[in-house]
2 protein chains.
Amino acid sequence: MNRICELFDIQYPIIQGGMVWCSGWNLAAAVSNAGGLGLIGAGSMHPETLREHIRKCKEATNKPFGVNVPLMYPEIETIMDIIVEEGVKIVFTSAGSPRKWTSFLHSNGIKVAHVVSSSTFAKKCEEAGVDAIVAEGFEAGGHNGREETTTLCLIPAVRKATDLPLIAAGGIASGEAMLAAEVLGADGVQVGTRFALTHESSANYAFKDRCLSLQEGDTMLSLKSVSPTRMVKNEFYMQVIAAEEAGASPEEMKELLGRGRAKMGIFEGNLVEGLLEIGQASALVHQLQSAQEVIVDMIQHYAEAKQKLTEQADEEE
Amino acid sequence: MNRICELFDIQYPIIQGGMVWCSGWNLAAAVSNAGGLGLIGAGSMHPETLREHIRKCKEATNKPFGVNVPLMYPEIETIMDIIVEEGVKIVFTSAGSPRKWTSFLHSNGIKVAHVVSSSTFAKKCEEAGVDAIVAEGFEAGGHNGREETTTLCLIPAVRKATDLPLIAAGGIASGEAMLAAEVLGADGVQVGTRFALTHESSANYAFKDRCLSLQEGDTMLSLKSVSPTRMVKNEFYMQVIAAEEAGASPEEMKELLGRGRAKMGIFEGNLVEGLLEIGQASALVHQLQSAQEVIVDMIQHYAEAKQKLTEQADEEE
């Protein structure tokens, strides 16, 4: 998995996904200091808040880090200017077309990765000239593709569509899953859920506690008429289902969602009325750790799983 | 991956999933003759048709083969009696509780595997005394679990819940996916989609052609108010969506589905009105092959993928 490490000048090909209300400077710096690539999630920040997080991150680490920018962000020009002004060297873009911003970022010496959920969009990324692609499957938390392709089916399809450095995302929370992603054709992994549930994540501890106790089937892809989002099946989710069953229009669903639901749930810890975005991999994560412990654990289990296969291969000879 | 081979006395830990209107004696025998485990799918057969298929399969192969039995089958007692009378040695059960039939099958010298979509049901299988568990993820074709857990998240969860021999299913159509499943904790794989699209599959060639041309996003899990089923997004699927959006009750959905839709689509090749059950892995399968070619290809790619990791490990030392 060396192409991703070379591209971003990091030790391990583990990217911490940009996540609203979880990934501020504290998490990003902790991941980068531990040898991965931390990303500040701009999606939940006002422009000047982002500037503050970038500055704090630069103080907290001398390792490479990046910013994740959802391209449908209303103040996108301001955000991009701040990124350039503050000397950020890596940007992950998502939720939009990579065509518009990639050349701007490149002309400012910034490396660009774009998040997709299909091989069709992966090809568009290649045409737009991005440096790497994140392919994110159905099991991922938060905003999600409409085609519902799972990571297991998505990675080989994207690998076939492009030779670019490829980062697998969705359902990856262990060293074994990291090795599985590599076998399927990925050069690295992006990990969201497991980093959202670390000490350094800025999510509320009530949110972290709830998510650490989840079992299989406790999250669901919902809000499909607005924007498909994977969330915990809490009371707010039940309201969404009830409204859908009552035949609510997309406009009515948007009104039910309102503004600030994710902040309410993830940042303020309102587990009842909040929108609790988290991935299926939450069913495999039950321990609150530091970002460094997560990376050490993943690299150790990755190595052990690889060693096991190597020993088998030796026995077979 | 030796436990599955030992349990069923087969050469490769590749099980051909039992699939309505695809897996008769011809496909099952071809898979078994090629070193995998072929399964006759009883789900689409009258009891005496099943007897005929078992007899023809015994004539066509001297290798082990099995029968897949959905336990909600209306003539289940007759089916089980025929299986015993005809000397079948392996039964895969699905769609029901393994508690009732496992001891009956064991007392007749028959090995039992049961298909689950969660670790909770995997534990129930262990309590029921089954010999192996098939854990099938959201990406699988046809009938599917309600929790929508993907294979990538399901296999580690089931592996943690039980030490029984574990067969991964859903989204597995290549040797690389087979190795990925092993890394995640599986002892073997069950392959549906790719075998449904072989020469020996009894599906209509119109169905096979259509499925071999599918891309990502061309199947969807649907009919959730009746029984979640992954299918091609054809005209019948659009009718289902329209009815759901119009607020159809489960009873109305059952009426729309009617009887014989899967037969119409898969066996008779009515691509417009039929229910075309197939998995997400169809986006990765574009060539009509024989069952033997599929197995040879999977084993070759499995070995190559393993070799690649082994070489990397050597370089890292």
# chains A, B, ... in the order shown; residues from 1 in each chain; ligands from 1
$ select_by_dssp --residues "range 89-232 of chain A" --states "alpha helix (DSSP H)" --output "VMD selection string"
chain A and resid 99 to 107 119 to 128 151 to 161 175 to 183 193 to 196 205 to 212
$ residues_around --residues "Arg261 in chain B" --least-positions-apart "5" --cutoff "12 Å" --atoms "only C-alpha atoms" --output "list in words"
Val20, Trp21, Ser44, Met231, Phe236, Tyr237, Lys254, Glu255, Leu256, Ile266, Phe267, Glu268, Gly269, Asn270, Leu271, Val272, Glu273, Gly274, Leu275, Leu276 and Glu277 of chain B
$ atom_distance --atom1 "CA of Ala186 in chain A" --atom2 "CA of Ile167 in chain A"
5.6 Å
$ residues_around --residues "Ser201 in chain B" --least-positions-apart "4" --cutoff "6 Å" --atoms "only C-alpha atoms" --output "PyMOL selection string"
chain B and resi 22-23+27+196
$ interface_residues --of "chain A" --to "chain B" --cutoff "8 Å" --atoms "only C-alpha atoms" --output "CSV table (one decimal) with C-alpha atoms, in the first residue's frame"
chain,number,residue,atom,x,y,z
A,118,SER,CA,-19.5,4.5,-8.3
A,119,SER,CA,-17.0,3.7,-11.0
A,139,GLU,CA,-22.0,0.6,4.9
A,146,ARG,CA,-27.9,6.4,-4.2
A,147,GLU,CA,-26.8,3.2,-5.9
A,148,GLU,CA,-26.2,1.4,-2.5
A,149,THR,CA,-23.2,-0.5,-3.8
A,150,THR,CA,-21.3,-2.1,-1.0
A,151,THR,CA,-17.5,-1.7,-0.4
A,152,LEU,CA,-17.0,-5.3,-1.4
A,153,CYS,CA,-18.5,-4.8,-4.8
A,154,LEU,CA,-17.5,-1.1,-5.3
A,156,PRO,CA,-13.1,-4.0,-7.6
A,157,ALA,CA,-15.4,-2.0,-10.0
A,171,GLY,CA,-17.2,-0.6,6.8
A,172,ILE,CA,-13.5,-0.5,7.5
A,176,GLU,CA,-8.3,-7.3,8.8
A,177,ALA,CA,-10.7,-5.1,6.8
A,179,LEU,CA,-6.0,-6.1,4.3
A,180,ALA,CA,-9.3,-7.2,2.7
A,181,ALA,CA,-9.6,-3.8,1.0
A,183,VAL,CA,-6.8,-7.6,-1.7
A,184,LEU,CA,-9.8,-6.1,-3.5
A,216,GLU,CA,-25.7,-5.0,13.7
A,217,GLY,CA,-28.9,-3.6,12.3
A,218,ASP,CA,-28.8,-0.6,14.6
A,220,MET,CA,-30.0,2.3,8.6
A,245,GLU,CA,-44.9,5.6,5.6
A,246,ALA,CA,-47.5,8.4,5.8
A,247,GLY,CA,-46.4,9.4,2.3
A,280,GLN,CA,-22.4,-0.1,10.0
A,281,ALA,CA,-18.9,-0.7,11.4
A,283,ALA,CA,-21.3,-2.8,15.4
A,284,LEU,CA,-17.6,-3.9,15.4
A,305,ALA,CA,-3.6,-11.2,9.2
A,306,LYS,CA,-1.0,-10.9,6.4
A,307,GLN,CA,1.4,-13.1,8.3
A,309,LEU,CA,-1.8,-15.9,5.0
A,310,THR,CA,2.0,-16.0,4.3
A,313,ALA,CA,1.2,-20.1,1.6
$ closest_residue --among "B:Ile133, B:Val84, B:Val116, B:Leu214" --to "Gln287 in chain B" --atoms "only C-alpha atoms"
B:Leu214
$ decode --residues "range 273-303 of chain A" --atoms "N, CA and C atoms" --output "compact mmCIF listing (two decimals), in the first residue's frame"
# COMPACT_ATOMS: atom_id res chain seq x y z
N GLU A 273 -33.69 13.49 19.72
CA GLU A 273 -34.12 14.32 18.60
C GLU A 273 -33.03 14.53 17.56
N GLY A 274 -31.81 14.19 17.89
CA GLY A 274 -30.70 14.46 16.98
C GLY A 274 -30.58 13.42 15.88
N LEU A 275 -29.87 13.81 14.82
CA LEU A 275 -29.53 12.90 13.71
C LEU A 275 -28.16 12.32 14.03
N LEU A 276 -28.12 11.02 14.30
CA LEU A 276 -26.89 10.38 14.77
C LEU A 276 -26.22 9.64 13.61
N GLU A 277 -25.35 10.32 12.90
CA GLU A 277 -24.69 9.74 11.73
C GLU A 277 -23.54 8.83 12.16
N ILE A 278 -23.59 7.58 11.74
CA ILE A 278 -22.49 6.64 12.03
C ILE A 278 -22.62 5.45 11.08
N GLY A 279 -21.51 4.74 10.84
CA GLY A 279 -21.51 3.65 9.88
C GLY A 279 -21.86 2.30 10.48
N GLN A 280 -22.08 1.30 9.59
CA GLN A 280 -22.36 -0.07 10.04
C GLN A 280 -21.23 -0.64 10.87
N ALA A 281 -20.00 -0.16 10.64
CA ALA A 281 -18.85 -0.68 11.37
C ALA A 281 -18.95 -0.39 12.86
N SER A 282 -19.88 0.48 13.27
CA SER A 282 -20.07 0.73 14.70
C SER A 282 -20.38 -0.58 15.44
N ALA A 283 -20.99 -1.55 14.77
CA ALA A 283 -21.29 -2.83 15.41
C ALA A 283 -20.02 -3.62 15.73
N LEU A 284 -18.90 -3.18 15.18
CA LEU A 284 -17.63 -3.88 15.41
C LEU A 284 -16.70 -3.08 16.33
N VAL A 285 -17.14 -1.92 16.80
CA VAL A 285 -16.30 -1.04 17.63
C VAL A 285 -16.99 -0.83 18.96
N HIS A 286 -16.39 -1.30 20.04
CA HIS A 286 -17.06 -1.23 21.34
C HIS A 286 -16.19 -0.61 22.43
N GLN A 287 -15.04 -0.07 22.02
CA GLN A 287 -14.11 0.45 23.02
C GLN A 287 -13.67 1.86 22.65
N LEU A 288 -13.75 2.76 23.61
CA LEU A 288 -13.28 4.13 23.39
C LEU A 288 -11.76 4.13 23.49
N GLN A 289 -11.10 4.55 22.40
CA GLN A 289 -9.63 4.56 22.37
C GLN A 289 -9.14 5.93 21.90
N SER A 290 -7.84 6.10 21.98
CA SER A 290 -7.26 7.29 21.36
C SER A 290 -7.04 7.00 19.88
N ALA A 291 -6.89 8.06 19.09
CA ALA A 291 -6.62 7.88 17.66
C ALA A 291 -5.35 7.07 17.45
N GLN A 292 -4.36 7.31 18.29
CA GLN A 292 -3.11 6.57 18.15
C GLN A 292 -3.32 5.08 18.42
N GLU A 293 -4.10 4.78 19.46
CA GLU A 293 -4.38 3.37 19.76
C GLU A 293 -5.09 2.69 18.58
N VAL A 294 -5.98 3.41 17.94
CA VAL A 294 -6.69 2.86 16.78
C VAL A 294 -5.69 2.50 15.68
N ILE A 295 -4.78 3.42 15.40
CA ILE A 295 -3.83 3.17 14.31
C ILE A 295 -2.87 2.04 14.66
N VAL A 296 -2.37 2.04 15.88
CA VAL A 296 -1.47 0.95 16.30
C VAL A 296 -2.19 -0.39 16.20
N ASP A 297 -3.43 -0.44 16.66
CA ASP A 297 -4.21 -1.68 16.63
C ASP A 297 -4.46 -2.13 15.19
N MET A 298 -4.84 -1.20 14.33
CA MET A 298 -5.12 -1.57 12.94
C MET A 298 -3.86 -2.09 12.24
N ILE A 299 -2.74 -1.41 12.43
CA ILE A 299 -1.50 -1.83 11.78
C ILE A 299 -1.05 -3.20 12.31
N GLN A 300 -1.25 -3.42 13.61
CA GLN A 300 -0.87 -4.72 14.19
C GLN A 300 -1.73 -5.85 13.63
N HIS A 301 -3.04 -5.63 13.61
CA HIS A 301 -3.93 -6.68 13.09
C HIS A 301 -3.75 -6.89 11.58
N TYR A 302 -3.46 -5.80 10.88
CA TYR A 302 -3.16 -5.91 9.45
C TYR A 302 -1.95 -6.83 9.25
N ALA A 303 -0.90 -6.57 10.01
CA ALA A 303 0.34 -7.37 9.88
C ALA A 303 0.10 -8.82 10.26
